[in-house]
Amino acid sequence: MKILYFAWVREAVGCDEETVALPAEIDTVGALLDWLADRSPAHAAALADRDRIRVAVNEDFARPDRPVTDRDEVAIFPPLTGGGAHS
Amino acid sequence: MTVRVQAEPFDPAAELAAFTEGLGDVGAIAQFVGLVRSGPDGVTALTLEHWPEVTDRKLADIETEARTRFDLAGSLIVHRYGRMQPGEPIVLVAAASAHRQAAFDGCAFMVDWLKTKAPFWKREETAAGAQWVEARRTDDEAADRWNAPAGSGSP
């Protein structure tokens with residue numbers, strides 16, 4: 001599975017993408033985040049606060065119960081902050 | 001309908017003139033320009049990161065949704081990424097229609113959805129260093145006031 005990281009999640013993990021071999025029992029977005037958090041202290045720190053984490057599966061925004069397989073591309077990023085002035 | 005994502009600065013007046021030229025018989029154009037603001041924290045520069053493979057499509061989806069919901073004769077979204085200075089335009093949104101209410105609503109709708117559905121992330125630089133901008137609950141509420149259909153919630 002290919003994983004993409006953006007913004008401070010990318011900085012916290014320390015890379016903008018990585019390829020992982022997903023165990024068959026990891027079959028949802030939520031389980032994937034738990035599993036990724038165990039990969040390194042940097043992953044754990046980046047993924048610690050799930051309220052500040054958003055996920056897309058194959059370029060579509062996805063909720064924690066969305067099923068995933070090893071063939072999916074998953075992007076992990078903070079809530080979006082585009083548009084004009086924010087305050 | 002036009003969507004453009006670019007690193008280069010743009011001139012909102014020139015963009016609006018070109019947009020207007022391409023329209024047929026419309027009675028109203030509403031436009032929104034978002035600017036980099038120095039604000040109380042003294043922001044000296046803003047960097048917008050985006051997801052190049054996805055940004056164009058998400059903006060096009062927002063534009064299509066606006067045209068479906070409102071009676072728009074034309075629409076335009078120009079959004080920058082990369083590093084920019086206070087006072088520079090970040091985004092231009094314009095909506096054209098026969099009448100003013102559809103133009104106002106179409107423009108506001110696109111601006112609200114942009115903030116919560118387009119894959120952009122802001123990083124601000126101040127004298128104290130650089131910091132990623134946190135999303136605001138009020139942005140979600142602004143997007144939700146258009147009553148998004150079930151399943152299309154903000155990411």
# chains A, B, ... in the order shown; residues from 1 in each chain; ligands from 1
>>> interface_residues(of="chain A", to="chain B", cutoff="12 Å", atoms="only C-alpha atoms", output="PyMOL selection string")
chain A and resi 4-12+16+51-64+66+75-87
>>> write_last_selection(atoms="N, CA and C atoms", output="tab-separated table (two decimals), in the first residue's frame")
chain	number	residue	atom	x	y	z
A	4	LEU	N	0.54	8.49	1.41
A	4	LEU	CA	0.99	9.87	1.19
A	4	LEU	C	0.73	10.68	2.45
A	5	TYR	N	1.66	11.60	2.76
A	5	TYR	CA	1.47	12.48	3.91
A	5	TYR	C	1.56	13.94	3.45
A	6	PHE	N	0.75	14.81	4.08
A	6	PHE	CA	0.76	16.23	3.72
A	6	PHE	C	0.86	17.11	4.97
A	7	ALA	N	1.38	18.34	4.73
A	7	ALA	CA	1.45	19.42	5.73
A	7	ALA	C	2.18	18.93	7.00
A	8	TRP	N	1.66	19.26	8.20
A	8	TRP	CA	2.43	18.91	9.41
A	8	TRP	C	2.47	17.41	9.66
A	9	VAL	N	1.55	16.67	9.11
A	9	VAL	CA	1.63	15.21	9.24
A	9	VAL	C	2.88	14.70	8.51
A	10	ARG	N	3.12	15.26	7.33
A	10	ARG	CA	4.32	14.92	6.56
A	10	ARG	C	5.59	15.26	7.35
A	11	GLU	N	5.59	16.45	7.94
A	11	GLU	CA	6.77	16.86	8.71
A	11	GLU	C	6.97	15.97	9.94
A	12	ALA	N	5.87	15.62	10.60
A	12	ALA	CA	5.97	14.82	11.82
A	12	ALA	C	6.43	13.39	11.51
A	16	ASP	N	7.29	12.23	2.70
A	16	ASP	CA	6.03	12.58	2.03
A	16	ASP	C	5.29	11.37	1.49
A	51	ASP	N	-8.54	13.47	16.06
A	51	ASP	CA	-9.43	14.58	15.70
A	51	ASP	C	-8.73	15.53	14.73
A	52	ARG	N	-7.41	15.51	14.70
A	52	ARG	CA	-6.66	16.42	13.83
A	52	ARG	C	-6.15	15.70	12.59
A	53	ILE	N	-6.64	14.50	12.33
A	53	ILE	CA	-6.19	13.71	11.18
A	53	ILE	C	-7.35	13.47	10.23
A	54	ARG	N	-7.08	13.68	8.93
A	54	ARG	CA	-8.07	13.35	7.91
A	54	ARG	C	-7.42	12.36	6.94
A	55	VAL	N	-8.27	11.57	6.25
A	55	VAL	CA	-7.76	10.51	5.39
A	55	VAL	C	-8.50	10.50	4.06
A	56	ALA	N	-7.78	10.22	2.98
A	56	ALA	CA	-8.41	9.96	1.69
A	56	ALA	C	-7.94	8.60	1.20
A	57	VAL	N	-8.87	7.82	0.64
A	57	VAL	CA	-8.55	6.54	0.04
A	57	VAL	C	-8.76	6.66	-1.46
A	58	ASN	N	-7.71	6.40	-2.23
A	58	ASN	CA	-7.77	6.55	-3.69
A	58	ASN	C	-8.34	7.93	-4.07
A	59	GLU	N	-7.85	8.94	-3.38
A	59	GLU	CA	-8.15	10.35	-3.66
A	59	GLU	C	-9.56	10.79	-3.28
A	60	ASP	N	-10.28	9.94	-2.57
A	60	ASP	CA	-11.59	10.36	-2.06
A	60	ASP	C	-11.56	10.39	-0.54
A	61	PHE	N	-12.08	11.45	0.05
A	61	PHE	CA	-12.07	11.58	1.49
A	61	PHE	C	-12.84	10.43	2.12
A	62	ALA	N	-12.27	9.90	3.21
A	62	ALA	CA	-12.81	8.66	3.78
A	62	ALA	C	-12.93	8.77	5.29
A	63	ARG	N	-13.93	8.09	5.84
A	63	ARG	CA	-14.12	8.03	7.29
A	63	ARG	C	-13.41	6.79	7.85
A	64	PRO	N	-13.27	6.72	9.20
A	64	PRO	CA	-12.50	5.62	9.80
A	64	PRO	C	-13.03	4.22	9.48
A	66	ARG	N	-14.15	3.20	6.62
A	66	ARG	CA	-13.97	2.89	5.20
A	66	ARG	C	-13.02	1.68	5.05
A	75	ALA	N	-4.01	8.66	1.62
A	75	ALA	CA	-3.37	9.94	1.97
A	75	ALA	C	-3.81	10.33	3.37
A	76	ILE	N	-2.86	10.84	4.16
A	76	ILE	CA	-3.13	11.22	5.55
A	76	ILE	C	-2.67	12.66	5.74
A	77	PHE	N	-3.57	13.51	6.29
A	77	PHE	CA	-3.28	14.95	6.33
A	77	PHE	C	-4.11	15.63	7.41
A	78	PRO	N	-3.77	16.89	7.76
A	78	PRO	CA	-4.60	17.64	8.72
A	78	PRO	C	-5.88	18.13	8.05
A	79	PRO	N	-6.84	18.61	8.86
A	79	PRO	CA	-8.03	19.24	8.27
A	79	PRO	C	-7.61	20.34	7.29
A	80	LEU	N	-8.41	20.53	6.24
A	80	LEU	CA	-8.05	21.43	5.15
A	80	LEU	C	-8.21	22.89	5.57
A	81	THR	N	-7.31	23.74	5.05
A	81	THR	CA	-7.35	25.16	5.44
A	81	THR	C	-7.14	26.06	4.22
A	82	GLY	N	-7.80	25.72	3.10
A	82	GLY	CA	-7.65	26.53	1.89
A	82	GLY	C	-8.52	27.78	1.92
A	83	GLY	N	-8.65	28.40	0.77
A	83	GLY	CA	-9.49	29.58	0.65
A	83	GLY	C	-8.78	30.85	1.08
A	84	GLY	N	-9.55	31.88	1.38
A	84	GLY	CA	-8.97	33.19	1.70
A	84	GLY	C	-8.59	33.30	3.15
A	85	ALA	N	-8.59	34.51	3.66
A	85	ALA	CA	-8.19	34.77	5.04
A	85	ALA	C	-8.98	33.88	5.98
A	86	HIS	N	-8.33	33.37	7.01
A	86	HIS	CA	-8.96	32.38	7.89
A	86	HIS	C	-9.43	33.01	9.18
A	87	SER	N	-9.19	34.29	9.39
A	87	SER	CA	-9.61	34.87	10.67
A	87	SER	C	-10.03	36.32	10.46
>>> residues_around(residues="Ala127 of chain B", least_positions_apart="6", cutoff="8 Å", atoms="only C-alpha atoms", output="list in words")
Gly42, Val43 and Thr44 of chain B
>>> select_by_dssp(residues="chain B", states="strand (DSSP E or B)", output="VMD selection string")
chain B and resid 2 to 6 28 to 35 45 to 50 72 to 80 82 to 84 89 to 97 120 to 126 129 to 132
>>> residues_around(residues="segment 36-44 of chain A", least_positions_apart="2", cutoff="8 Å", atoms="only C-alpha atoms", output="VMD selection string")
chain A and resid 12 to 14 32 to 34 46 to 48
>>> select_by_dssp(residues="chain A", states="helix (DSSP H, G or I)", output="number ranges by chain")
A: 7-13, 29-37, 41-46, 50-52
>>> atom_distance(atom1="atom CA of Asp56 of chain B", atom2="atom CA of Phe109 of chain B")
17.4 Å
>>> residues_around(residues="Thr19 of chain A", least_positions_apart="4", cutoff="7 Å", atoms="only C-alpha atoms", output="JSON, numbers by chain")
{"A": [1, 2, 3]}
>>> atom_distance(atom1="atom CA of Asp11 of chain B", atom2="atom CA of Leu59 of chain B")
19.7 Å
>>> atom_distance(atom1="atom CA of Thr2 of chain B", atom2="atom CA of Ala143 of chain B")
21.3 Å
